[in-house]
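Trainee: One file is attached below, coords25.cif, containing mmCIF, C-alpha atoms.
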```cif
data_my_file
loop_
_atom_site.label_atom_id
_atom_site.label_comp_id
_atom_site.auth_asym_id
_atom_site.auth_seq_id
_atom_site.Cartn_x
_atom_site.Cartn_y
_atom_site.Cartn_z
CA MET A 168 0.00 0.00 0.00
CA ALA A 169 1.34 3.43 -0.92
CA SER A 170 2.37 5.77 1.86
CA PRO A 171 0.66 9.16 2.24
CA ASP A 172 3.82 10.82 0.86
CA SER A 173 3.27 8.97 -2.43
CA TYR A 174 0.41 11.35 -3.15
CA ARG A 175 2.28 14.56 -2.48
CA ALA A 176 4.43 16.58 -4.86
CA PRO A 177 8.01 15.22 -4.77
CA LYS A 178 10.56 17.09 -2.68
CA GLY A 179 11.89 20.08 -4.57
CA THR A 180 8.81 20.51 -6.76
CA GLN A 181 5.62 22.52 -6.42
CA ASP A 182 2.10 22.83 -7.76
CA VAL A 183 1.28 26.25 -9.24
CA PHE A 184 -2.39 27.09 -9.76
CA GLY A 185 -4.70 30.08 -9.66
CA PRO A 186 -4.44 32.84 -8.78
CA GLU A 187 -0.61 32.48 -8.75
CA SER A 188 -0.63 30.73 -12.12
CA THR A 189 -2.20 33.82 -13.70
CA ARG A 190 1.01 35.64 -12.76
CA TRP A 191 3.05 32.97 -14.53
CA GLU A 192 0.86 33.41 -17.61
CA ALA A 193 1.39 37.16 -17.51
CA LEU A 194 5.16 36.72 -17.11
CA LEU A 195 5.35 34.38 -20.09
CA ALA A 196 3.26 36.79 -22.16
CA THR A 197 5.54 39.68 -21.20
CA PHE A 198 8.65 37.70 -22.08
CA ALA A 199 7.23 36.50 -25.40
CA ASP A 200 6.12 40.00 -26.37
CA THR A 201 9.54 41.42 -25.49
CA VAL A 202 11.65 38.98 -27.48
CA GLU A 203 9.27 38.38 -30.38
CA SER A 204 9.39 42.12 -31.06
CA ALA A 205 13.05 41.48 -31.98
CA GLY A 206 12.35 38.52 -34.27
CA TYR A 207 12.83 35.61 -31.86
CA GLY A 208 10.55 32.62 -32.48
CA LEU A 209 9.46 29.93 -30.03
CA ILE A 210 11.24 26.57 -29.98
CA GLN A 211 9.78 23.47 -28.36
CA SER A 212 12.46 20.81 -27.89
CA PRO A 213 12.41 17.50 -25.98
CA MET A 214 12.41 17.60 -22.20
CA PHE A 215 14.98 14.80 -22.25
CA GLU A 216 17.97 14.15 -24.49
CA ASP A 217 20.73 11.63 -24.92
CA ILE A 218 23.01 12.31 -21.97
CA ALA A 219 25.84 13.23 -24.36
CA VAL A 220 24.01 16.48 -25.19
CA PHE A 221 24.25 17.71 -21.62
CA ARG A 222 27.72 16.31 -21.04
CA ARG A 223 28.80 19.02 -23.46
CA LEU A 224 28.14 21.36 -20.53
CA GLY A 225 31.43 20.10 -19.09
CA GLU A 226 32.32 16.86 -17.36
CA GLU A 227 33.83 18.73 -14.42
CA THR A 228 30.77 20.86 -13.67
CA ASP A 229 28.46 20.12 -10.73
CA VAL A 230 25.44 20.00 -13.01
CA VAL A 231 26.93 17.01 -14.86
CA THR A 232 28.75 15.22 -12.06
CA LYS A 233 26.24 15.64 -9.23
CA GLU A 234 22.96 17.26 -10.21
CA MET A 235 21.69 15.74 -13.45
CA TYR A 236 18.61 13.53 -13.44
CA ASP A 237 19.66 10.69 -15.72
CA PHE A 238 18.51 7.13 -16.29
CA VAL A 239 18.69 4.21 -18.74
CA ASP A 240 15.34 3.81 -20.52
CA LYS A 241 13.61 0.64 -21.71
CA GLY A 242 15.54 0.81 -24.98
CA ASP A 243 18.84 0.79 -23.07
CA ARG A 244 19.47 4.45 -23.96
CA HIS A 245 21.17 6.70 -21.40
CA ILE A 246 18.80 9.66 -21.08
CA ALA A 247 18.93 12.85 -19.03
CA LEU A 248 16.24 15.36 -18.13
CA ARG A 249 17.06 18.87 -19.26
CA PRO A 250 19.12 20.76 -16.62
CA GLU A 251 19.11 24.04 -18.60
CA GLY A 252 17.93 25.43 -21.92
CA THR A 253 20.92 26.19 -24.12
CA ALA A 254 22.29 22.70 -24.83
CA SER A 255 19.04 21.44 -26.39
CA VAL A 256 18.80 24.51 -28.62
CA ALA A 257 22.38 24.01 -29.78
CA ARG A 258 21.64 20.35 -30.51
CA ALA A 259 18.55 21.36 -32.51
CA PHE A 260 20.63 23.83 -34.53
CA ALA A 261 23.31 21.23 -35.24
CA GLN A 262 20.66 18.73 -36.33
CA HIS A 263 18.41 20.95 -38.47
CA ARG A 264 20.80 23.68 -39.68
CA PRO A 265 18.25 26.55 -39.85
CA VAL A 266 18.99 29.73 -41.77
CA THR A 267 21.21 32.08 -39.78
CA PRO A 268 21.08 34.23 -37.86
CA TRP A 269 18.71 31.90 -36.02
CA LYS A 270 16.94 33.69 -33.17
CA THR A 271 14.74 31.62 -30.88
CA TRP A 272 13.21 31.67 -27.40
CA TYR A 273 12.06 28.99 -25.01
CA ALA A 274 10.12 28.45 -21.80
CA THR A 275 10.87 25.15 -20.12
CA PRO A 276 11.06 23.18 -16.89
CA ALA A 277 14.63 22.33 -15.89
CA PHE A 278 15.72 19.58 -13.53
CA ARG A 279 18.64 19.49 -11.09
CA TYR A 280 19.12 17.14 -8.17
CA GLU A 281 20.27 19.58 -5.53
CA SER A 282 19.08 20.65 -2.13
CA PRO A 283 15.89 22.65 -2.68
CA GLN A 284 16.16 26.30 -1.76
CA SER A 285 14.18 29.46 -2.19
CA GLY A 286 14.01 30.27 -5.89
CA ARG A 287 15.80 27.08 -6.97
CA LEU A 288 13.79 23.84 -6.89
CA ARG A 289 14.66 20.42 -8.28
CA GLN A 290 12.14 21.17 -10.98
CA HIS A 291 12.38 24.85 -11.70
CA HIS A 292 11.40 26.81 -14.79
CA GLN A 293 13.32 29.02 -17.17
CA VAL A 294 12.72 31.41 -20.02
CA GLY A 295 15.54 32.30 -22.34
CA ILE A 296 16.71 33.25 -25.81
CA GLU A 297 19.49 32.03 -28.10
CA ALA A 298 20.86 33.73 -31.22
CA MET A 299 23.14 31.61 -33.43
CA GLY A 300 25.09 32.28 -36.58
CA SER A 301 26.48 35.78 -36.03
CA ALA A 302 29.60 36.97 -34.20
CA ASP A 303 28.60 40.64 -34.46
CA PRO A 304 29.08 42.35 -31.06
CA ASP A 305 25.93 44.34 -31.74
CA LEU A 306 24.05 41.04 -31.36
CA ASP A 307 25.51 40.79 -27.85
CA VAL A 308 24.08 44.24 -27.15
CA GLU A 309 20.67 43.19 -28.48
CA VAL A 310 20.55 40.07 -26.31
CA ILE A 311 21.56 41.93 -23.16
CA ALA A 312 19.11 44.74 -23.90
CA LEU A 313 16.24 42.29 -24.34
CA GLY A 314 16.97 40.71 -20.95
CA HIS A 315 17.16 44.17 -19.40
CA ASP A 316 13.90 45.27 -21.04
CA TYR A 317 12.14 42.08 -19.90
CA VAL A 318 12.84 42.55 -16.19
CA ARG A 319 12.07 46.25 -16.41
CA ARG A 320 8.69 45.45 -17.97
CA LEU A 321 7.93 43.29 -14.95
CA GLY A 322 8.41 46.40 -12.83
CA LEU A 323 11.78 45.48 -11.32
CA GLN A 324 14.05 48.42 -10.50
CA ARG A 325 16.49 47.19 -7.86
CA PHE A 326 18.93 45.21 -9.95
CA VAL A 327 22.39 45.66 -11.41
CA LEU A 328 23.75 44.53 -14.78
CA LEU A 329 27.24 43.03 -14.59
CA VAL A 330 29.27 42.49 -17.77
CA ASN A 331 32.68 41.08 -18.60
CA SER A 332 34.68 39.68 -21.52
CA MET A 333 36.46 36.33 -21.58
CA GLY A 334 38.29 37.18 -24.79
CA ASP A 335 38.99 34.68 -27.56
CA ALA A 336 40.26 31.11 -27.18
CA ASP A 337 43.93 32.18 -26.93
CA ASP A 338 43.09 34.89 -24.39
CA ARG A 339 41.27 32.32 -22.31
CA ARG A 340 44.13 29.82 -22.39
CA ARG A 341 46.64 32.45 -21.31
CA TYR A 342 44.40 33.56 -18.47
CA VAL A 343 43.69 30.02 -17.24
CA GLU A 344 47.40 29.30 -16.87
CA ARG A 345 48.06 32.63 -15.18
CA LEU A 346 45.11 32.11 -12.80
CA ARG A 347 46.11 28.53 -12.02
CA GLY A 348 49.58 29.63 -11.02
CA TRP A 349 48.28 32.50 -8.90
CA LEU A 350 45.72 30.31 -7.10
CA THR A 351 48.17 27.46 -6.59
CA GLU A 352 50.38 29.77 -4.56
CA ARG A 353 47.36 30.45 -2.31
CA ALA A 354 45.79 26.98 -2.38
CA GLY A 355 46.06 26.60 1.38
CA ASP A 356 43.78 29.61 1.88
CA LEU A 357 41.03 28.29 -0.42
CA ALA A 358 38.06 26.36 0.91
CA PRO A 359 38.97 22.65 0.78
CA GLU A 360 36.08 21.91 -1.59
CA ASP A 361 37.48 24.35 -4.16
CA ARG A 362 41.09 23.13 -4.24
CA PRO A 363 40.48 20.25 -6.71
CA LYS A 364 39.27 22.80 -9.26
CA LEU A 365 42.83 24.08 -9.68
CA ASP A 366 43.62 20.99 -11.75
CA THR A 367 40.33 20.65 -13.63
CA ASN A 368 39.20 24.23 -14.25
CA PRO A 369 40.60 27.06 -12.12
CA MET A 370 38.08 29.58 -13.46
CA ARG A 371 35.37 27.72 -11.53
CA VAL A 372 37.10 28.84 -8.35
CA LEU A 373 35.98 32.38 -9.17
CA ASP A 374 32.33 31.22 -9.03
CA SER A 375 32.66 29.81 -5.50
CA LYS A 376 30.26 31.17 -2.88
CA ARG A 377 32.41 29.88 0.01
CA PRO A 378 33.64 32.79 2.15
CA ALA A 379 37.27 31.60 2.39
CA THR A 380 37.56 31.29 -1.38
CA GLN A 381 35.78 34.58 -2.01
CA GLU A 382 38.32 36.32 0.20
CA VAL A 383 41.19 34.86 -1.84
CA VAL A 384 39.81 35.57 -5.31
CA ARG A 385 39.00 39.18 -4.47
CA ASP A 386 42.53 40.04 -5.59
CA ALA A 387 42.83 37.46 -8.37
CA PRO A 388 44.15 38.45 -11.81
CA LYS A 389 41.51 39.85 -14.14
CA ILE A 390 40.79 38.17 -17.44
CA THR A 391 40.39 41.58 -19.07
CA ASP A 392 44.12 42.17 -18.44
CA ASP A 393 44.87 39.34 -20.90
CA LEU A 394 42.64 40.41 -23.79
CA SER A 395 44.04 40.72 -27.27
CA ASP A 396 43.61 44.05 -29.04
CA GLU A 397 40.85 42.55 -31.18
CA ALA A 398 38.94 41.15 -28.19
CA ALA A 399 39.36 44.41 -26.28
CA ALA A 400 37.97 46.39 -29.24
CA ARG A 401 35.07 43.97 -29.50
CA PHE A 402 34.21 44.37 -25.82
CA GLU A 403 34.43 48.13 -26.17
CA ARG A 404 31.84 47.90 -28.95
CA VAL A 405 29.54 45.96 -26.58
CA THR A 406 29.91 48.35 -23.65
CA GLY A 407 29.60 51.33 -25.96
CA GLY A 408 26.39 49.91 -27.37
CA LEU A 409 24.91 49.45 -23.91
CA GLY A 410 25.81 53.03 -23.08
CA ALA A 411 24.22 54.27 -26.30
CA LEU A 412 20.98 52.50 -25.31
CA GLY A 413 21.02 54.11 -21.87
CA ILE A 414 21.55 50.80 -20.07
CA ASP A 415 23.57 51.15 -16.88
CA PHE A 416 26.10 48.40 -16.17
CA GLN A 417 29.08 47.55 -14.04
CA LEU A 418 32.27 45.83 -15.18
CA GLU A 419 32.81 42.63 -13.18
CA PRO A 420 36.14 40.96 -14.01
CA ARG A 421 35.30 37.86 -11.93
CA LEU A 422 32.20 37.12 -13.99
CA VAL A 423 33.49 34.19 -16.04
CA ARG A 424 32.13 30.90 -17.38
CA GLY A 425 34.13 27.76 -16.67
CA LEU A 426 33.13 25.90 -19.85
CA ASP A 427 35.60 25.81 -22.74
CA TYR A 428 33.17 26.91 -25.44
CA TYR A 429 32.37 30.27 -23.82
CA ARG A 430 33.99 33.29 -25.49
CA HIS A 431 33.92 37.06 -25.17
CA THR A 432 30.81 38.59 -23.53
CA THR A 433 29.38 37.32 -20.24
CA PHE A 434 26.66 39.09 -18.28
CA GLU A 435 24.28 38.76 -15.33
CA LEU A 436 21.40 40.69 -13.86
CA GLN A 437 21.53 40.53 -10.07
CA SER A 438 18.67 41.59 -7.84
CA GLU A 439 19.49 43.84 -4.92
CA ALA A 440 16.15 43.03 -3.29
CA ILE A 441 16.75 39.35 -2.43
CA GLU A 442 19.54 37.61 -0.53
CA ALA A 443 22.90 37.47 -2.24
CA SER A 444 23.01 33.68 -2.63
CA GLN A 445 19.88 33.84 -4.77
CA SER A 446 20.42 37.22 -6.39
CA THR A 447 21.10 36.23 -10.02
CA ILE A 448 17.82 36.57 -11.90
CA LEU A 449 19.18 36.37 -15.45
CA GLY A 450 22.52 35.31 -16.88
CA GLY A 451 24.12 34.55 -20.19
CA GLY A 452 27.04 34.86 -22.50
CA ARG A 453 28.59 34.07 -25.85
CA TYR A 454 29.33 30.39 -26.53
CA ASP A 455 31.04 30.26 -29.91
CA GLY A 456 32.20 26.64 -29.54
CA LEU A 457 29.05 24.85 -28.38
CA VAL A 458 27.38 24.00 -31.71
CA GLU A 459 30.67 22.60 -32.97
CA ASP A 460 30.82 20.39 -29.86
CA MET A 461 27.38 19.06 -30.86
CA GLY A 462 28.67 17.93 -34.26
CA GLY A 463 27.55 21.01 -36.16
CA PRO A 464 29.58 23.57 -38.10
CA VAL A 465 31.55 26.30 -36.37
CA THR A 466 28.71 28.59 -35.31
CA PRO A 467 28.91 31.58 -32.98
CA GLY A 468 26.06 31.97 -30.52
CA ILE A 469 24.88 34.03 -27.57
CA GLY A 470 21.91 33.81 -25.23
CA PHE A 471 20.62 34.01 -21.70
CA GLY A 472 18.42 32.10 -19.29
CA SER A 473 16.24 33.41 -16.49
CA GLY A 474 14.60 31.41 -13.70
CA ILE A 475 10.90 32.16 -13.33
CA GLU A 476 10.70 31.30 -9.64
CA ARG A 477 13.66 33.51 -8.77
CA VAL A 478 12.40 36.45 -10.84
CA LEU A 479 9.06 36.23 -9.04
CA LEU A 480 10.89 36.25 -5.69
CA ALA A 481 12.51 39.51 -6.76
CA CYS A 482 9.11 40.86 -7.82
CA ASP A 483 7.66 39.96 -4.41
CA ALA A 484 10.60 41.64 -2.67
CA GLU A 485 9.99 44.85 -4.63
CA GLY A 486 6.20 44.63 -4.40
CA VAL A 487 5.68 44.57 -8.17
CA PHE A 488 4.04 42.32 -10.77
CA ALA A 489 1.21 41.00 -8.62
CA ALA A 490 -1.15 38.33 -9.92
CA PRO A 491 -3.66 39.92 -12.32
CA GLU A 492 -7.24 40.11 -11.11
CA THR A 493 -9.78 37.72 -12.58
CA THR A 494 -11.01 39.13 -15.87
CA LEU A 495 -14.37 37.42 -16.44
CA ASP A 496 -16.81 39.60 -18.31
CA VAL A 497 -20.02 37.87 -17.32
CA PHE A 498 -21.35 35.13 -15.07
CA VAL A 499 -24.55 33.41 -16.19
CA VAL A 500 -27.09 32.60 -13.47
CA ASP A 501 -29.71 30.11 -14.66
CA VAL A 502 -32.40 28.71 -12.33
CA THR A 503 -34.42 27.05 -15.10
CA GLY A 504 -32.49 23.80 -15.36
CA GLY A 505 -29.16 24.80 -16.90
CA ASP A 506 -29.98 24.72 -20.62
CA ALA A 507 -29.91 28.51 -20.89
CA ALA A 508 -26.58 28.75 -19.05
CA ARG A 509 -25.07 26.04 -21.25
CA ASP A 510 -26.15 27.66 -24.49
CA LEU A 511 -25.62 31.29 -23.47
CA THR A 512 -22.06 30.81 -22.16
CA ALA A 513 -21.11 28.99 -25.37
CA GLU A 514 -22.60 31.80 -27.49
CA LEU A 515 -20.82 34.50 -25.51
CA ARG A 516 -17.44 32.73 -25.58
CA ARG A 517 -17.69 32.35 -29.35
CA ALA A 518 -18.42 36.07 -29.55
CA GLY A 519 -15.19 36.82 -27.68
CA PHE A 520 -16.43 37.32 -24.12
CA ARG A 521 -15.08 35.63 -20.99
CA ALA A 522 -18.07 33.86 -19.52
CA ASP A 523 -18.64 31.32 -16.76
CA ARG A 524 -21.59 29.68 -14.98
CA SER A 525 -22.57 27.44 -12.08
CA PHE A 526 -23.33 23.73 -12.31
CA ASP A 527 -25.33 21.15 -10.34
CA ALA A 528 -28.66 23.09 -10.40
CA ARG A 529 -27.72 25.32 -7.49
CA SER A 530 -30.14 27.86 -6.01
CA MET A 531 -30.37 31.47 -7.13
CA ARG A 532 -28.67 32.58 -3.90
CA ALA A 533 -25.78 30.13 -4.32
CA GLN A 534 -25.30 31.10 -7.96
CA MET A 535 -25.25 34.81 -7.15
CA LYS A 536 -22.60 34.18 -4.48
CA ALA A 537 -20.55 32.33 -7.09
CA ALA A 538 -21.04 35.25 -9.49
CA ASP A 539 -19.75 37.70 -6.87
CA ARG A 540 -16.69 35.51 -6.17
CA SER A 541 -15.91 35.15 -9.87
CA GLY A 542 -14.87 38.78 -10.29
CA ALA A 543 -17.12 39.16 -13.34
CA ARG A 544 -18.43 42.61 -14.13
CA LEU A 545 -21.96 41.52 -14.97
CA ALA A 546 -24.38 38.76 -14.02
CA LEU A 547 -26.74 37.52 -16.72
CA ILE A 548 -29.84 36.12 -15.06
CA VAL A 549 -32.29 33.65 -16.57
CA GLY A 550 -35.31 32.77 -14.43
CA ASP A 551 -38.70 31.33 -15.37
CA GLN A 552 -40.06 34.72 -16.49
CA GLU A 553 -36.99 35.53 -18.61
CA ARG A 554 -37.11 32.05 -20.14
CA ALA A 555 -40.78 32.49 -21.06
CA ASP A 556 -40.21 36.00 -22.48
CA GLY A 557 -37.00 35.18 -24.36
CA THR A 558 -35.04 37.75 -22.36
CA VAL A 559 -31.98 37.98 -20.13
CA GLY A 560 -31.59 40.07 -16.98
CA VAL A 561 -28.34 42.05 -16.84
CA ARG A 562 -27.13 43.08 -13.37
CA SER A 563 -23.93 44.90 -12.41
CA LEU A 564 -21.78 43.03 -9.90
CA HIS A 565 -19.60 46.05 -9.14
CA ASP A 566 -22.26 48.77 -8.69
CA ALA A 567 -25.14 47.73 -6.44
CA GLU A 568 -27.03 50.97 -7.16
CA ARG A 569 -27.37 50.29 -10.88
CA THR A 570 -30.80 48.99 -11.88
CA GLN A 571 -31.04 45.55 -13.46
CA VAL A 572 -32.09 45.77 -17.10
CA VAL A 573 -33.85 43.26 -19.28
CA VAL A 574 -32.49 42.57 -22.77
CA PRO A 575 -33.97 40.41 -25.55
CA ALA A 576 -31.90 37.21 -25.75
CA GLU A 577 -31.15 37.70 -29.44
CA LYS A 578 -29.64 41.13 -28.71
CA ILE A 579 -27.53 40.19 -25.68
CA VAL A 580 -24.23 40.04 -27.61
CA ASP A 581 -24.72 43.54 -29.03
CA HIS A 582 -25.78 44.84 -25.63
CA LEU A 583 -22.67 43.43 -23.93
CA ARG A 584 -20.37 44.88 -26.57
CA GLU A 585 -21.80 48.28 -25.79
CA GLU A 586 -21.87 47.73 -22.03
CA LEU A 587 -18.34 46.34 -21.69
CA ARG A 588 -16.45 48.41 -24.24
#
```
What does this structure look like when you write it as structure tokens?
Mentor:
Amino acid sequence: MASPDSYRAPKGTQDVFGPESTRWEALLATFADTVESAGYGLIQSPMFEDIAVFRRLGEETDVVTKEMYDFVDKGDRHIALRPEGTASVARAFAQHRPVTPWKTWYATPAFRYESPQSGRLRQHHQVGIEAMGSADPDLDVEVIALGHDYVRRLGLQRFVLLVNSMGDADDRRRYVERLRGWLTERAGDLAPEDRPKLDTNPMRVLDSKRPATQEVVRDAPKITDDLSDEAAARFERVTGGLGALGIDFQLEPRLVRGLDYYRHTTFELQSEAIEASQSTILGGGRYDGLVEDMGGPVTPGIGFGSGIERVLLACDAEGVFAAPETTLDVFVVDVTGGDAARDLTAELRRAGFRADRSFDARSMRAQMKAADRSGARLALIVGDQERADGTVGVRSLHDAERTQVVVPAEKIVDHLREELR
């Protein structure tokens, strides 16, 4: 027999339903409107992939070594649930070779086996964009600006944009060796958990949230000190573009990505309204080697991802982007058996109105209470007299002093268009 816990949401997951789910709908609509205005189209890719797709994220990363949900399916295939959005989009590009520049957006659940925390669940949700096929630094500016515009449209104000450049492949190699040597001299001061990274990928030490390591890396060499002239000019074009668009930013030399395919621009939006460990609400960068790692042609790319749960935490902290109020137009009250409510709600919905009704032959009093709770502006009432006369009573649910009017049933659509315009 199943235990009671078998019928509860698994640890690290949640159920989202109304009215909170209406806020999710509004967020997705805001994001889609923002990025589609710049030519980005929706992609729907599989929730699971061959594990090799996500191993391209880097064998030494926590998401691959510790956090990925993976399993062998009934066909003896090693499968993994999606831990983030970019890898699947890169795989889709490598497989289908769309016309470039290819600009796409996604909204997806993502899965990571880690200790659940505020704003980061084992199943969390992301929105993001990817732009592939162009190395133009102006595309970097566009991607960053779209992320900035998105959070501003949600009403967020207390955030900071951090930007950095990782240079080209040669710049990166020079910096890694310089950083490894510098950190090795101070290895004894690093948190013990971070010391093994010196051999595998010293740049991941810069991402550590452990206080001892943070104290050490505060004075670490900056990757921007190792940029070639070409990479430095490219980064200047990016920062100049952000300035031209009136987007405030801060240079953050420790903002790096540990994966080999990342190049040039990296960026994050960090909320100043929520605790520091959860403050990143949007992050991205240029990944000019990823598609090639997936078996595709050499293809530059840039994008960002943003966690929905964490963005909504920031909205709550700033007191913005509340759940929209219910937007029903009418609630049909029918005490003649339900036929009128059935037919009238269908007619009104087809005419473009938001309409609801009660079920189970409830009393007039119970139906009117349901109408009041629904948030609808008007109640349409059908009693025995209205049914006999072929009319509908129209009563305001927001203004008790307004007199109920009677409208011929065949004219109710026209009447509502006038009443609710």
Trainee: What's around Thr512 (chain A) at 8 Å? Count all atoms listed in the file, leave out sequence neighbours fewer than 5 positions away in its own chain, and write the answer as a ChimeraX atom specification.
Mentor: /A:499,522-524
Trainee: Which residues match the PyMOL selection byres ((chain A and resi 349) around 12) in the file above, as an mmCIF file with C-alpha atoms, in the frame of the given file?
Mentor:
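Saved result, part.cif, follows:
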```cif
data_model
loop_
_atom_site.group_PDB
_atom_site.id
_atom_site.type_symbol
_atom_site.label_atom_id
_atom_site.label_comp_id
_atom_site.auth_asym_id
_atom_site.auth_seq_id
_atom_site.Cartn_x
_atom_site.Cartn_y
_atom_site.Cartn_z
ATOM 1 C CA TYR A 342 44.400 33.560 -18.470
ATOM 2 C CA VAL A 343 43.690 30.020 -17.240
ATOM 3 C CA GLU A 344 47.400 29.300 -16.870
ATOM 4 C CA ARG A 345 48.060 32.630 -15.180
ATOM 5 C CA LEU A 346 45.110 32.110 -12.800
ATOM 6 C CA ARG A 347 46.110 28.530 -12.020
ATOM 7 C CA GLY A 348 49.580 29.630 -11.020
ATOM 8 C CA LEU A 350 45.720 30.310 -7.100
ATOM 9 C CA THR A 351 48.170 27.460 -6.590
ATOM 10 C CA GLU A 352 50.380 29.770 -4.560
ATOM 11 C CA ARG A 353 47.360 30.450 -2.310
ATOM 12 C CA ALA A 354 45.790 26.980 -2.380
ATOM 13 C CA LEU A 357 41.030 28.290 -0.420
ATOM 14 C CA LEU A 365 42.830 24.080 -9.680
ATOM 15 C CA PRO A 369 40.600 27.060 -12.120
ATOM 16 C CA MET A 370 38.080 29.580 -13.460
ATOM 17 C CA VAL A 372 37.100 28.840 -8.350
ATOM 18 C CA VAL A 383 41.190 34.860 -1.840
ATOM 19 C CA VAL A 384 39.810 35.570 -5.310
ATOM 20 C CA ASP A 386 42.530 40.040 -5.590
ATOM 21 C CA ALA A 387 42.830 37.460 -8.370
ATOM 22 C CA PRO A 388 44.150 38.450 -11.810
ATOM 23 C CA LYS A 389 41.510 39.850 -14.140
#
```
Trainee: Kindly provide the residues of region 472-553 of chain A that approach region 448-467 of chain A to within 7 Å, each paired with its closest atom pair and their distance in Å to one decimal, based on all atoms listed in the file, listed by chain and increasing number, as JSON lines.
Mentor:
```
{"residue": "A:Gly472", "atom": "CA", "partner": "A:Gly450", "partner_atom": "CA", "distance": 5.7}
{"residue": "A:Ser473", "atom": "CA", "partner": "A:Leu449", "partner_atom": "CA", "distance": 4.3}
{"residue": "A:Gly474", "atom": "CA", "partner": "A:Ile448", "partner_atom": "CA", "distance": 6.3}
{"residue": "A:Arg477", "atom": "CA", "partner": "A:Ile448", "partner_atom": "CA", "distance": 6.0}
{"residue": "A:Val478", "atom": "CA", "partner": "A:Ile448", "partner_atom": "CA", "distance": 5.5}
```
Trainee: Counting all atoms listed in the file, which residues come within 7 Å of (32.4, 41.0, -24.7), with the point read in the file's coordinates, and could you list them as a ChimeraX atom specification?
Mentor: /A:331-333,401-402,405,431-433
Trainee: Can you tell me how far CA of Val266 (chain A) sits from CA of Leu209 (chain A), in Å to one decimal?
Mentor: 15.1 Å
Trainee: One number please: CA of Asp316 (chain A) to CA of Val423 (chain A), in Å, one decimal.
Mentor: 23.1 Å
Trainee: Show which residues sit within 7 Å of region 186-200 of chain A, as a list in words. Count all atoms listed in the file, and ignore same-chain residues fewer than 4 positions away.
Mentor: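 The neighbour list is Ser204, Tyr317, Ala489, Ala490 and Pro491 of chain A.
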Trainee: Run through the PyMOL selection byres ((chain A and resi 374) around 9) on the given coordinates and return the selected residues as a ChimeraX atom specification.
Mentor: /A:370-373,375-376,381,421-425
Trainee: Selection from above, C-alpha atoms, as a PDB file, keeping the file's coordinate frame, can you write it?
Mentor:
```pdb
ATOM      1  CA  MET A 370      38.080  29.580 -13.460  1.00  0.00           C
ATOM      2  CA  ARG A 371      35.370  27.720 -11.530  1.00  0.00           C
ATOM      3  CA  VAL A 372      37.100  28.840  -8.350  1.00  0.00           C
ATOM      4  CA  LEU A 373      35.980  32.380  -9.170  1.00  0.00           C
ATOM      5  CA  SER A 375      32.660  29.810  -5.500  1.00  0.00           C
ATOM      6  CA  LYS A 376      30.260  31.170  -2.880  1.00  0.00           C
ATOM      7  CA  GLN A 381      35.780  34.580  -2.010  1.00  0.00           C
ATOM      8  CA  ARG A 421      35.300  37.860 -11.930  1.00  0.00           C
ATOM      9  CA  LEU A 422      32.200  37.120 -13.990  1.00  0.00           C
ATOM     10  CA  VAL A 423      33.490  34.190 -16.040  1.00  0.00           C
ATOM     11  CA  ARG A 424      32.130  30.900 -17.380  1.00  0.00           C
ATOM     12  CA  GLY A 425      34.130  27.760 -16.670  1.00  0.00           C
TER      13      GLY A 425
END
```
Trainee: For Ala358 (chain A), which of A:Glu382, A:Val220, A:Arg341, A:Ala312 is the closest residue, counting only C-alpha atoms?
Mentor: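 That would be A:Glu382, the residue with the smallest distance to Ala358 (chain A).
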Trainee: Give me, please, the distance in Å between CA of Pro359 (chain A) and CA of Ala443 (chain A), quoted to one decimal.
Mentor: 22.1 Å
Trainee: Quick check on the file I pasted: which residues fall under the PyMOL selection byres ((chain A and resi 541-544) around 10)? Write them as a ChimeraX atom specification.
Mentor: /A:492-499,521-524,535-540,545-546,562-566,587
Trainee: For Gly557 (chain A), which of A:Ile246, A:Val310, A:Ala507, A:Ala528 is the closest residue, counting all atoms listed in the file?
Mentor: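 Nearest to Gly557 (chain A): A:Ala507.
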Trainee: Taking all atoms listed in the file into account, name the residue in A:Val487, A:Leu412, A:Val256, A:Ile469 that is nearest to Arg320 (chain A).
Mentor: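 That would be A:Val487, the residue with the smallest distance to Arg320 (chain A).
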Trainee: Excluding region 558-561 of chain A and its own-chain neighbours fewer than 6 positions away, which residues fall within 8 Å of it when counting all atoms listed in the file? Please give them as a list in words.
Mentor: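 Everything that qualifies: Leu545, Ala546, Leu547, Ile548, Val549, Gln571, Val572, Val573, Val574, Pro575, Ala576 and Ile579 of chain A.
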Trainee: Using all atoms listed in the file, which residue out of A:Gly286, A:Pro268, A:Gly208, A:Pro378 lies closest to Ser446 (chain A)?
Mentor: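 Distance minimum relative to Ser446 (chain A) lands on A:Gly286.
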Trainee: Which of these, A:His315, A:Lys578, A:Lys270, A:Arg249, has the shortest distance to His291 (chain A) once you count all atoms listed in the file?
Mentor: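 Comparing A:His315, A:Lys578, A:Lys270, A:Arg249 against His291 (chain A), the winner is A:Arg249.
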Trainee: Of the candidates A:Arg319, A:Arg325, A:Arg279, A:Arg223, which shows the shortest atom-to-atom distance to Asp237 (chain A), using only C-alpha atoms?
Mentor: A:Arg279
Trainee: Copy region 435-443 of chain A out of the block into a file, keeping C-alpha atoms, as an mmCIF file, in the first residue's frame.
Mentor:
```cif
data_model
loop_
_atom_site.group_PDB
_atom_site.id
_atom_site.type_symbol
_atom_site.label_atom_id
_atom_site.label_comp_id
_atom_site.auth_asym_id
_atom_site.auth_seq_id
_atom_site.Cartn_x
_atom_site.Cartn_y
_atom_site.Cartn_z
ATOM 1 C CA GLU A 435 24.279 38.761 -15.332
ATOM 2 C CA LEU A 436 21.399 40.689 -13.862
ATOM 3 C CA GLN A 437 21.528 40.531 -10.074
ATOM 4 C CA SER A 438 18.668 41.593 -7.839
ATOM 5 C CA GLU A 439 19.490 43.838 -4.919
ATOM 6 C CA ALA A 440 16.146 43.028 -3.292
ATOM 7 C CA ILE A 441 16.753 39.355 -2.425
ATOM 8 C CA GLU A 442 19.542 37.612 -0.529
ATOM 9 C CA ALA A 443 22.905 37.472 -2.240
#
```
